[in-house]
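Q: Below is the file query.cif, which contains mmCIF, C-alpha atoms.
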```
data_work
loop_
_atom_site.label_atom_id
_atom_site.label_comp_id
_atom_site.auth_asym_id
_atom_site.auth_seq_id
_atom_site.Cartn_x
_atom_site.Cartn_y
_atom_site.Cartn_z
CA MET E 125 43.39 54.64 80.84
CA ALA E 126 47.08 54.41 79.95
CA THR E 127 48.01 51.00 78.62
CA THR E 128 50.61 48.94 80.44
CA ALA E 129 51.68 47.17 77.24
CA TYR E 130 54.84 49.25 77.05
CA GLY E 131 56.06 48.28 80.50
CA GLN E 132 57.32 50.47 83.28
CA ASP E 133 60.77 51.20 81.86
CA LYS E 134 59.73 54.12 79.62
CA PRO E 135 61.20 52.60 76.43
CA LEU E 136 61.03 55.93 74.56
CA GLU E 137 62.48 58.12 77.32
CA GLY E 138 64.20 61.14 75.74
CA VAL E 139 62.40 60.82 72.39
CA THR E 140 60.33 63.71 71.05
CA LEU E 141 57.79 63.17 68.28
CA THR E 142 56.30 66.06 66.33
CA LEU E 143 52.89 65.46 64.77
CA ALA E 144 51.28 67.62 62.07
CA SER E 145 47.51 67.40 62.53
CA GLN E 146 44.46 68.55 60.64
CA ASN E 147 42.21 70.78 62.75
CA ASP E 148 39.33 68.31 62.82
CA GLN E 149 37.96 67.33 66.21
CA PHE E 150 40.68 64.75 66.69
CA GLY E 151 43.45 67.38 66.68
CA ALA E 152 42.64 68.78 70.09
CA VAL E 153 42.15 65.27 71.48
CA LEU E 154 45.57 64.17 70.21
CA ALA E 155 47.13 67.14 71.99
CA LYS E 156 45.18 66.38 75.17
CA MET E 157 46.38 62.77 75.18
CA ALA E 158 50.07 63.63 74.74
CA PRO E 159 50.82 63.47 78.51
CA GLU E 160 49.19 60.04 78.67
CA PHE E 161 51.45 58.79 75.87
CA LYS E 162 54.45 60.16 77.74
CA GLU E 163 53.34 58.35 80.88
CA ALA E 164 53.04 55.10 78.93
CA THR E 165 56.28 55.30 76.95
CA GLY E 166 58.42 58.20 78.12
CA ALA E 167 58.19 60.02 74.79
CA ASP E 168 57.15 63.63 74.40
CA LEU E 169 54.52 64.30 71.75
CA LYS E 170 54.19 67.77 70.22
CA VAL E 171 51.01 68.28 68.20
CA GLU E 172 50.84 71.13 65.67
CA ILE E 173 47.24 71.69 64.57
CA MET E 174 46.52 73.49 61.30
CA ASP E 175 43.82 73.94 58.69
CA TYR E 176 43.54 71.69 55.65
CA GLY E 177 45.39 73.92 53.19
CA THR E 178 48.18 74.78 55.59
CA LEU E 179 48.63 71.15 56.57
CA LEU E 180 49.01 70.08 52.95
CA THR E 181 51.38 72.94 52.10
CA LYS E 182 53.63 72.66 55.15
CA THR E 183 53.92 68.90 55.20
CA THR E 184 54.53 68.67 51.45
CA ALA E 185 57.29 71.25 51.77
CA ASP E 186 58.77 69.21 54.62
CA PHE E 187 58.72 66.04 52.54
CA VAL E 188 60.13 67.65 49.40
CA GLY E 189 62.78 69.60 51.28
CA ASP E 190 63.84 66.62 53.41
CA THR E 191 63.76 68.94 56.42
CA LYS E 192 62.37 66.36 58.89
CA GLY E 193 60.14 68.91 60.58
CA TYR E 194 57.43 66.37 61.28
CA ASP E 195 57.72 62.75 62.37
CA LEU E 196 54.02 61.99 62.01
CA VAL E 197 51.45 63.48 59.64
CA THR E 198 47.69 63.08 59.50
CA MET E 199 47.04 62.08 55.88
CA ASP E 200 43.73 62.70 54.13
CA ILE E 201 42.88 59.52 52.27
CA VAL E 202 42.82 61.34 48.92
CA TRP E 203 46.53 62.11 49.33
CA ALA E 204 47.42 58.40 49.37
CA GLY E 205 48.37 58.23 45.70
CA ALA E 206 50.71 61.21 45.97
CA TYR E 207 52.29 59.81 49.14
CA ALA E 208 52.94 56.50 47.42
CA GLU E 209 54.20 57.93 44.13
CA ASN E 210 56.58 60.35 45.86
CA GLN E 211 57.56 57.99 48.69
CA TYR E 212 56.78 60.65 51.26
CA SER E 213 56.00 58.18 54.03
CA VAL E 214 57.34 54.95 55.44
CA ASP E 215 55.92 51.81 53.84
CA LEU E 216 54.25 50.25 56.88
CA THR E 217 53.19 47.02 55.17
CA GLU E 218 55.69 44.70 56.84
CA TRP E 219 55.22 46.37 60.23
CA VAL E 220 51.45 45.89 59.96
CA LYS E 221 51.99 42.19 59.19
CA ARG E 222 54.49 41.83 62.03
CA ASP E 223 52.20 43.50 64.57
CA ALA E 224 48.85 42.28 63.22
CA ALA E 225 47.85 40.59 66.48
CA GLU E 226 48.67 43.68 68.52
CA LEU E 227 46.75 45.91 66.08
CA GLU E 228 43.72 43.54 66.18
CA LEU E 229 43.15 44.07 62.47
CA ASP E 230 40.04 41.86 62.40
CA ASP E 231 38.31 44.47 64.56
CA ILE E 232 38.83 47.23 61.97
CA TYR E 233 36.45 47.42 59.00
CA PRO E 234 38.12 46.28 55.76
CA VAL E 235 37.07 49.40 53.85
CA ILE E 236 38.87 51.50 56.47
CA LEU E 237 42.07 49.45 56.39
CA GLU E 238 42.15 49.79 52.61
CA SER E 239 40.92 53.33 52.07
CA LEU E 240 42.53 55.14 54.98
CA GLY E 241 45.91 53.47 54.85
CA GLN E 242 46.70 51.61 51.67
CA TYR E 243 47.56 52.46 48.11
CA ASP E 244 48.23 49.78 45.54
CA GLY E 245 48.25 47.17 48.30
CA LYS E 246 50.85 48.88 50.49
CA TYR E 247 50.32 50.85 53.69
CA VAL E 248 51.42 54.45 53.18
CA ALA E 249 49.70 55.29 56.49
CA PHE E 250 47.66 53.51 59.15
CA PRO E 251 43.99 54.39 59.79
CA PHE E 252 43.15 56.27 62.96
CA ALA E 253 40.19 58.57 62.17
CA ALA E 254 37.42 57.16 59.97
CA TYR E 255 34.31 59.07 58.96
CA ALA E 256 31.01 57.89 57.46
CA ASN E 257 29.04 60.02 55.04
CA VAL E 258 25.55 60.23 56.54
CA LEU E 259 22.31 62.17 56.25
CA ALA E 260 21.58 64.55 59.11
CA TYR E 261 17.93 65.64 59.19
CA ARG E 262 15.51 67.57 61.36
CA LYS E 263 13.19 65.05 62.95
CA ASP E 264 10.74 67.74 64.04
CA LEU E 265 10.37 69.25 60.56
CA PHE E 266 9.93 65.87 58.90
CA GLU E 267 7.29 64.87 61.44
CA ALA E 268 5.41 68.16 61.09
CA ALA E 269 5.36 67.75 57.30
CA GLY E 270 4.35 64.07 57.48
CA LEU E 271 7.49 62.95 55.66
CA ASP E 272 9.50 59.80 56.03
CA VAL E 273 13.28 59.93 56.03
CA PRO E 274 14.34 59.76 52.36
CA LYS E 275 15.93 56.52 51.20
CA THR E 276 16.52 57.59 47.60
CA MET E 277 18.02 60.71 46.06
CA GLU E 278 14.74 61.32 44.27
CA GLU E 279 12.89 61.33 47.59
CA MET E 280 15.52 63.61 49.09
CA VAL E 281 15.11 66.19 46.31
CA ALA E 282 11.33 66.14 46.70
CA ASP E 283 11.56 66.46 50.49
CA ALA E 284 14.04 69.33 50.22
CA LYS E 285 11.57 71.25 48.10
CA THR E 286 8.68 70.51 50.47
CA LEU E 287 10.65 71.70 53.48
CA THR E 288 11.87 74.94 51.90
CA ASP E 289 10.05 78.06 53.12
CA PRO E 290 12.11 81.24 52.74
CA ALA E 291 9.49 83.21 54.67
CA LYS E 292 10.44 81.14 57.73
CA ASN E 293 14.16 81.24 56.91
CA GLN E 294 13.86 77.47 56.45
CA TYR E 295 15.60 75.62 53.64
CA GLY E 296 15.40 71.97 52.74
CA PHE E 297 19.01 71.30 51.88
CA VAL E 298 22.52 72.60 52.36
CA ALA E 299 25.86 71.50 50.91
CA ASN E 300 29.26 72.91 50.02
CA GLY E 301 29.21 75.37 47.13
CA GLN E 302 32.53 77.12 47.59
CA MET E 303 34.95 76.90 44.68
CA GLY E 304 37.79 74.42 45.16
CA ALA E 305 38.03 71.35 47.35
CA ALA E 306 34.78 72.09 49.21
CA VAL E 307 32.35 71.94 46.28
CA ALA E 308 34.33 69.28 44.43
CA GLN E 309 34.30 66.87 47.35
CA ASP E 310 30.63 67.35 48.23
CA TRP E 311 29.49 66.96 44.63
CA MET E 312 31.59 63.82 44.15
CA GLN E 313 29.67 62.24 47.03
CA TYR E 314 26.28 63.02 45.50
CA ASN E 315 27.60 61.93 42.13
CA SER E 316 28.58 58.52 43.49
CA GLN E 317 25.19 58.05 45.15
CA MET E 318 23.48 58.70 41.82
CA GLY E 319 25.59 56.12 39.99
CA GLY E 320 28.26 58.44 38.63
CA SER E 321 32.02 57.96 38.72
CA ILE E 322 35.06 60.16 38.24
CA LEU E 323 37.05 57.40 36.51
CA ASP E 324 35.96 54.74 34.05
CA ALA E 325 36.59 51.00 34.36
CA GLU E 326 40.09 51.46 32.91
CA GLY E 327 40.98 54.13 35.45
CA MET E 328 40.77 57.01 32.99
CA PRO E 329 38.85 60.28 33.51
CA ALA E 330 35.12 60.07 32.78
CA LEU E 331 34.04 63.47 34.07
CA ASN E 332 31.49 64.17 31.35
CA SER E 333 29.69 60.82 31.45
CA PRO E 334 25.87 61.01 31.17
CA GLU E 335 25.54 59.93 34.81
CA ASN E 336 27.86 62.70 35.98
CA VAL E 337 26.10 65.34 33.92
CA LYS E 338 22.75 64.25 35.35
CA SER E 339 23.99 64.34 38.94
CA LEU E 340 25.46 67.81 38.48
CA ALA E 341 22.13 69.01 37.10
CA VAL E 342 20.42 67.66 40.24
CA TYR E 343 23.03 69.31 42.45
CA LYS E 344 22.39 72.62 40.69
CA GLU E 345 18.63 72.15 41.13
CA LEU E 346 19.03 71.57 44.85
CA PHE E 347 21.11 74.72 45.24
CA ALA E 348 18.76 76.83 43.12
CA ASP E 349 15.52 75.69 44.73
CA THR E 350 16.27 74.55 48.27
CA ALA E 351 19.59 75.89 49.63
CA PRO E 352 20.03 78.96 51.87
CA PRO E 353 21.09 82.22 50.21
CA GLY E 354 24.87 82.38 50.03
CA ALA E 355 25.36 78.61 50.13
CA ILE E 356 27.47 78.86 46.99
CA GLU E 357 30.18 80.28 49.29
CA TYR E 358 29.85 77.60 51.97
CA ASP E 359 32.65 75.21 52.82
CA TRP E 360 32.34 72.47 55.45
CA GLY E 361 32.15 74.95 58.32
CA GLY E 362 29.51 77.06 56.60
CA ARG E 363 27.16 74.22 55.86
CA GLU E 364 27.59 72.71 59.32
CA GLU E 365 26.83 76.05 60.92
CA SER E 366 23.69 76.58 58.83
CA PHE E 367 22.41 73.18 59.94
CA ARG E 368 23.29 73.67 63.61
CA GLN E 369 21.56 77.04 63.62
CA GLY E 370 18.33 75.52 62.33
CA ILE E 371 18.34 77.03 58.84
CA ALA E 372 18.61 73.78 56.86
CA ALA E 373 16.38 70.71 57.22
CA MET E 374 18.80 68.21 55.66
CA MET E 375 22.51 67.91 55.12
CA GLN E 376 24.75 65.12 53.98
CA THR E 377 27.85 65.30 56.10
CA TRP E 378 30.67 63.41 57.73
CA SER E 379 29.77 61.58 60.92
CA VAL E 380 32.53 63.43 62.79
CA GLY E 381 30.20 66.43 63.06
CA ALA E 382 27.24 64.54 64.50
CA PRO E 383 28.08 64.96 68.21
CA GLY E 384 28.00 68.73 67.75
CA TYR E 385 24.28 68.75 66.97
CA SER E 386 23.60 67.76 70.58
CA ASP E 387 25.92 70.37 72.07
CA PRO E 388 23.89 73.38 73.28
CA ALA E 389 27.03 75.52 73.23
CA ILE E 390 27.09 75.45 69.43
CA SER E 391 23.72 74.05 68.33
CA ASN E 392 20.17 75.42 68.21
CA VAL E 393 18.75 72.04 67.19
CA VAL E 394 19.58 69.92 70.23
CA GLY E 395 17.24 66.94 70.43
CA LYS E 396 15.80 67.59 66.98
CA VAL E 397 18.35 65.83 64.76
CA GLY E 398 18.32 62.32 63.36
CA ILE E 399 21.17 60.55 61.60
CA ALA E 400 20.45 58.11 58.76
CA THR E 401 22.32 56.42 55.96
CA ALA E 402 22.79 58.62 52.92
CA PRO E 403 20.13 58.15 50.20
CA VAL E 404 21.11 56.66 46.85
CA GLY E 405 19.56 56.99 43.40
CA GLU E 406 16.74 54.69 42.39
CA GLY E 407 18.22 51.48 41.04
CA VAL E 408 21.70 52.25 42.42
CA ALA E 409 23.14 49.63 44.78
CA PRO E 410 23.50 51.05 48.31
CA GLU E 411 27.09 52.13 48.72
CA TYR E 412 28.07 54.85 51.12
CA GLY E 413 30.93 57.28 51.26
CA VAL E 414 33.83 56.58 53.62
CA GLY E 415 36.49 59.15 54.37
CA GLY E 416 38.89 60.16 57.06
CA TRP E 417 42.54 60.18 57.96
CA GLY E 418 45.50 57.87 58.22
CA MET E 419 48.61 58.50 60.31
CA ALA E 420 51.76 58.53 58.17
CA ILE E 421 55.40 58.41 59.24
CA ASN E 422 57.84 60.72 57.49
CA ALA E 423 60.22 58.60 55.39
CA ASP E 424 63.07 61.09 55.95
CA ILE E 425 63.44 60.58 59.70
CA ASP E 426 65.93 58.07 61.06
CA ALA E 427 65.10 54.48 61.97
CA LYS E 428 64.84 55.15 65.72
CA GLN E 429 62.33 57.95 65.16
CA GLN E 430 60.36 55.81 62.73
CA GLU E 431 60.03 53.01 65.29
CA ALA E 432 59.00 55.51 67.96
CA ALA E 433 56.40 56.97 65.62
CA TRP E 434 55.06 53.48 64.92
CA THR E 435 54.82 52.87 68.66
CA PHE E 436 52.64 55.96 68.93
CA ILE E 437 50.36 54.77 66.13
CA LYS E 438 49.91 51.36 67.73
CA TRP E 439 49.19 52.98 71.10
CA LEU E 440 46.63 55.37 69.60
CA VAL E 441 44.66 52.75 67.67
CA SER E 442 44.66 50.16 70.46
CA LYS E 443 41.17 49.30 71.69
CA PRO E 444 41.28 51.03 75.08
CA ILE E 445 43.06 54.17 73.89
CA HIS E 446 40.98 54.57 70.73
CA LYS E 447 37.83 54.21 72.81
CA GLU E 448 39.07 56.97 75.10
CA PHE E 449 40.00 59.01 72.02
CA ASN E 450 36.37 58.87 70.87
CA LEU E 451 34.82 59.39 74.29
CA ASP E 452 36.86 62.59 74.43
CA GLY E 453 35.25 63.83 71.21
CA ALA E 454 37.48 62.72 68.33
CA GLY E 455 34.50 61.44 66.31
CA SER E 456 36.78 58.91 64.64
CA PHE E 457 35.11 55.52 65.06
CA MET E 458 36.66 52.68 63.06
CA ARG E 459 36.58 49.47 65.11
CA LYS E 460 33.72 46.98 64.90
CA SER E 461 33.74 46.62 68.67
CA GLN E 462 33.09 50.35 69.05
CA MET E 463 29.71 50.04 67.33
CA THR E 464 28.31 47.92 70.17
CA ASP E 465 30.30 49.33 73.08
CA PRO E 466 27.78 50.35 75.80
CA ASP E 467 29.77 53.40 76.89
CA LEU E 468 30.10 54.71 73.34
CA LEU E 469 26.48 53.91 72.42
CA ALA E 470 25.23 55.77 75.48
CA LYS E 471 26.91 58.90 74.17
CA PHE E 472 26.65 58.36 70.40
CA ASP E 473 23.36 56.66 69.49
CA PHE E 474 24.07 56.95 65.75
CA LEU E 475 26.83 54.31 65.79
CA PRO E 476 24.61 51.66 64.11
CA VAL E 477 24.26 54.01 61.12
CA ILE E 478 28.03 54.32 60.93
CA ALA E 479 28.35 50.54 61.10
CA THR E 480 25.94 50.11 58.17
CA THR E 481 27.88 52.71 56.20
CA TYR E 482 31.19 50.95 56.76
CA GLU E 483 29.70 47.55 55.93
CA ASN E 484 28.67 48.96 52.55
CA GLY E 485 31.40 51.57 52.25
CA ASN E 486 33.15 53.12 49.27
CA GLY E 487 36.41 54.91 49.99
CA ASP E 488 37.30 55.46 46.34
CA TYR E 489 34.45 57.65 45.05
CA ARG E 490 37.08 60.40 45.32
CA PRO E 491 39.80 58.55 43.41
CA ARG E 492 42.88 58.16 45.59
CA ILE E 493 45.31 58.48 42.69
CA PRO E 494 48.38 60.71 42.28
CA GLU E 495 46.40 63.00 39.95
CA TYR E 496 43.60 63.52 42.46
CA PRO E 497 44.61 67.03 43.62
CA GLU E 498 44.54 68.32 40.03
CA ILE E 499 41.22 66.61 39.28
CA GLN E 500 39.77 68.11 42.45
CA ASP E 501 40.86 71.58 41.35
CA ILE E 502 39.35 71.08 37.91
CA LEU E 503 36.04 69.94 39.35
CA GLY E 504 36.10 72.60 42.05
CA SER E 505 35.99 75.28 39.38
CA ALA E 506 33.58 73.48 37.06
CA VAL E 507 30.92 72.65 39.65
CA ASN E 508 31.03 76.10 41.22
CA ALA E 509 30.61 77.68 37.78
CA VAL E 510 27.50 75.57 37.21
CA LEU E 511 26.03 76.56 40.57
CA SER E 512 26.62 80.24 39.79
CA GLY E 513 24.76 79.91 36.48
CA ALA E 514 27.81 80.77 34.39
CA VAL E 515 27.71 77.51 32.43
CA GLU E 516 25.51 74.44 31.98
CA PRO E 517 26.51 71.05 33.41
CA GLN E 518 27.31 69.41 30.07
CA ALA E 519 29.57 72.23 28.90
CA ALA E 520 31.29 72.52 32.27
CA LEU E 521 32.07 68.81 32.45
CA ASP E 522 33.14 68.65 28.80
CA GLU E 523 35.75 71.30 29.53
CA ALA E 524 36.73 69.57 32.76
CA GLN E 525 37.14 66.27 30.91
CA ALA E 526 39.48 67.87 28.37
CA LYS E 527 41.65 69.27 31.17
CA ALA E 528 41.68 65.97 33.07
CA GLU E 529 42.76 64.02 29.99
CA GLU E 530 45.90 66.16 29.81
CA LEU E 531 46.98 64.72 33.18
CA PHE E 532 47.01 61.11 31.99
#
```
Turn this file's structure into structure tokens for me.
A:
Amino acid sequence: MATTAYGQDKPLEGVTLTLASQNDQFGAVLAKMAPEFKEATGADLKVEIMDYGTLLTKTTADFVGDTKGYDLVTMDIVWAGAYAENQYSVDLTEWVKRDAAELELDDIYPVILESLGQYDGKYVAFPFAAYANVLAYRKDLFEAAGLDVPKTMEEMVADAKTLTDPAKNQYGFVANGQMGAAVAQDWMQYNSQMGGSILDAEGMPALNSPENVKSLAVYKELFADTAPPGAIEYDWGGREESFRQGIAAMMQTWSVGAPGYSDPAISNVVGKVGIATAPVGEGVAPEYGVGGWGMAINADIDAKQQEAAWTFIKWLVSKPIHKEFNLDGAGSFMRKSQMTDPDLLAKFDFLPVIATTYENGNGDYRPRIPEYPEIQDILGSAVNAVLSGAVEPQAALDEAQAKAEELF
């Protein structure tokens, strides 16, 4: 499906681009598509795939040390503030304006353009892998229990309790409990759905607000009464595995994992899973979590490399290539046209749920500010301590608030 937009003269012949990639599903697909990019442009693409912590450590060291080890970096949206403040990446704003027609910006959801690429109105990266926070649930268990899919958090808590039966090794709910980024990020999603917020209207920490304390108490209740034993140690992989193996009846998760539930090689619940929009608290306006990754260009590399890297980004996000990217399993839908594409819908019937999520999306429930990594660490310890029973929600968030205030 190689595009002919770059002509037959191999404009990037002799260029090599090195890309640092997170080990999400898109990593392997990027590597697989490297020969196709070479065919289209002449450039070699080397993809180095690593886990979240290693990616952050190695790329930050590359930026700080000006070592130019990577031309392109997959950027988690919560790193946007740090990228902007430290000028790690090329400001793509003028390039995006220049090439707006080629990028077909109107076909990309506004929340994705803003959350996955921009900070303070400037593009520190360009979106390429968007995820919707959704509810995955066991259709068979809900039907057997006579339950409707929960639309509110209150209904979800009640359903989780109804569907928990330890004698059957069946639990109503699973989420991240592991100390650090895992539990912090999962709780922040639930917190947003219940009307809580990490920052106040002035952009200052509000970790111990009444809404946040209440949501953390609910999160603790769900873990205590409805989660599998050992869930306090789960990260994203652990909770996904417990759901795929049929242990948990419900899980809020990123849409990137949804195709795996229909894969008999890794799933015991093939044909039994439904995908719905995430429930929100009673009286809370529906607003759903949006996450994912932008592609950033290292500001240290020379102008020729920067232009070559931008050519790769434009190639990757073009309609035909990005469709292929997703058909190959990247799980990174972000274009409006993808939500009604017959080929994609035939393979991914949950795309309308993703569309609804993006139409009502919130990419800032995890605040994309320079201080985010420190706030995440603070919350990662506080929430885990509450789940373990070491401290109550109010006390944990009071202490977290005091630490967060020192950052501002």
Q: Name the residues captured by the PyMOL selection byres ((chain E and resi 277) around 12) when it is applied to the shown file; answer as an MDAnalysis selection string.
A: chainID E and resid 259 273:276 278:284 313:319 339 342:343 346 376 401:408 410
Q: So how many Å separate CA of Gln429 in chain E and CA of Gly245 in chain E, to one decimal?
A: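 Atom-to-atom, CA of Gln429 in chain E and CA of Gly245 in chain E are spaced 24.5 Å apart.
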Q: What does the distance between CA of Gly395 in chain E and CA of Val477 in chain E come to in Å, to one decimal place?
A: 17.4 Å
Q: Exactly which residues make up the result of the PyMOL selection byres ((chain E and resi 502-507) around 6) on this file, given as a PDB file with C-alpha atoms, keeping the file's coordinate frame?
A:
```pdb
ATOM      1  CA  MET E 303      34.950  76.900  44.680  1.00  0.00           C
ATOM      2  CA  GLY E 304      37.790  74.420  45.160  1.00  0.00           C
ATOM      3  CA  ALA E 305      38.030  71.350  47.350  1.00  0.00           C
ATOM      4  CA  VAL E 307      32.350  71.940  46.280  1.00  0.00           C
ATOM      5  CA  ALA E 308      34.330  69.280  44.430  1.00  0.00           C
ATOM      6  CA  ILE E 499      41.220  66.610  39.280  1.00  0.00           C
ATOM      7  CA  GLN E 500      39.770  68.110  42.450  1.00  0.00           C
ATOM      8  CA  ASP E 501      40.860  71.580  41.350  1.00  0.00           C
ATOM      9  CA  ASN E 508      31.030  76.100  41.220  1.00  0.00           C
ATOM     10  CA  ALA E 509      30.610  77.680  37.780  1.00  0.00           C
ATOM     11  CA  VAL E 510      27.500  75.570  37.210  1.00  0.00           C
ATOM     12  CA  ALA E 520      31.290  72.520  32.270  1.00  0.00           C
ATOM     13  CA  ALA E 524      36.730  69.570  32.760  1.00  0.00           C
TER      14      ALA E 524
END
```
Q: Given the file shown, determine the residues that the PyMOL selection byres ((chain E and resi 301) around 8) selects; report them as a VMD selection string.
A: chain E and resid 299 to 300 302 to 303 306 to 307 355 to 359 508 511
Q: Kindly extract all protein, DNA and RNA residues lying within 8 Å of the coordinates (27.6, 71.0, 33.0) given in the file, considering all atoms listed in the file, and supply them as a VMD selection string.
A: chain E and resid 337 340 to 341 506 to 507 510 515 to 522
Q: Which one of E:Thr480, E:Ser512, E:Gln294, E:Asn422 sits closest to Gln369 in chain E if you count all atoms listed in the file?
A: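 Nearest candidate to Gln369 in chain E out of E:Thr480, E:Ser512, E:Gln294, E:Asn422: E:Gln294.
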Q: Leaving out Ala158 in chain E and any residue of its chain fewer than 5 positions from it, which residues lie within 12 Å of it when counting only C-alpha atoms, given as a list in words?
A: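 Skipping anything fewer than 5 positions along the chain leaves Ala126, Thr140, Leu141, Thr142, Leu143, Gly151, Ala152, Val153, Glu163, Ala164, Thr165, Gly166, Ala167, Asp168, Leu169, Lys170, Val171, Glu172, Phe436, Trp439, Leu440, Ile445 and Phe449 of chain E.
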Q: Which one of E:Tyr482, E:Trp311, E:Trp360, E:Phe347 sits closest to Gly413 in chain E if you count all atoms listed in the file?
A: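 When distances to Gly413 in chain E are compared using all atoms listed in the file, the smallest one comes from E:Tyr482.
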Q: Using all atoms listed in the file for the distances, tell me which of E:Arg492, E:Lys134, E:Lys438, E:Lys527 is nearest to Ser239 in chain E.
A: E:Arg492
Q: Please indicate the distance in Å from CA of Asn147 in chain E to CA of Ser386 in chain E, rounded to one decimal place.
A: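 A separation of 20.4 Å between them.
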Q: Please provide the set of residues having any atom within 10 Å of Ala526 in chain E, restricted to only C-alpha atoms, with same-chain residues fewer than 2 positions apart removed, written as a PyMOL selection string.
A: chain E and resi 329-332+521-524+528-531
Q: For the residues selected in the previous step, produce a file with C-alpha atoms as a tab-separated table (two decimals), keeping the file's coordinate frame.
A:
```tsv
chain	number	residue	atom	x	y	z
E	329	PRO	CA	38.85	60.28	33.51
E	330	ALA	CA	35.12	60.07	32.78
E	331	LEU	CA	34.04	63.47	34.07
E	332	ASN	CA	31.49	64.17	31.35
E	521	LEU	CA	32.07	68.81	32.45
E	522	ASP	CA	33.14	68.65	28.80
E	523	GLU	CA	35.75	71.30	29.53
E	524	ALA	CA	36.73	69.57	32.76
E	528	ALA	CA	41.68	65.97	33.07
E	529	GLU	CA	42.76	64.02	29.99
E	530	GLU	CA	45.90	66.16	29.81
E	531	LEU	CA	46.98	64.72	33.18
```
Q: At a cut-off of 12 Å around the point (7.8, 64.9, 65.1) (file coordinates), what residues fall inside when counting all atoms listed in the file? I'd like the answer as a PyMOL selection string.
A: chain E and resi 261-273+395-398
Q: Point out the residue among E:Gln146, E:Asn257, E:Asn450, E:Thr435 with the least atom-to-atom distance to Lys182 in chain E, counting only C-alpha atoms.
A: E:Gln146
Q: Just want the 8 Å neighbourhood of Tyr233 in chain E, counted on only C-alpha atoms, with same-chain residues fewer than 5 positions away dropped. Output as a list of chain:residue names.
A: E:Met458, E:Arg459, E:Lys460, E:Tyr482, E:Glu483
Q: Quick one: everything within 12 Å of Ser461 in chain E, counting only C-alpha atoms, minus sequence neighbours fewer than 6 positions away in the same chain. Send it as a list in words.
A: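 Residues near the query, excluding close chain neighbours: Glu228, Leu229, Asp230, Asp231, Ile232, Tyr233, Ser442, Lys443, Pro444, His446, Lys447, Asp467, Leu468, Leu469, Leu475, Pro476 and Ala479 of chain E.
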Q: Which of these residues is nearest to Ile322 in chain E, using only C-alpha atoms: E:Ala260, E:Ala432, E:Leu216, E:Ile493?
A: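 Nearest to Ile322 in chain E: E:Ile493.
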Q: Which is closer to Lys156 in chain E than all the others in E:Asp452, E:Glu495, E:Asp190, E:Asp133, using only C-alpha atoms?
A: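 Going through E:Asp452, E:Glu495, E:Asp190, E:Asp133 one by one, the smallest distance to Lys156 in chain E is for E:Asp452.
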Q: Set the distance at 12 Å and use all atoms listed in the file: which residues neighbour Trp219 in chain E once local chain neighbours fewer than 2 positions away are removed? I'd like the list as a list of chain:residue names.
A: E:Val214, E:Asp215, E:Leu216, E:Thr217, E:Lys221, E:Arg222, E:Asp223, E:Ala224, E:Ala225, E:Glu226, E:Leu227, E:Lys246, E:Tyr247, E:Val248, E:Ala249, E:Phe250, E:Gln430, E:Glu431, E:Ala433, E:Trp434, E:Thr435, E:Ile437, E:Lys438
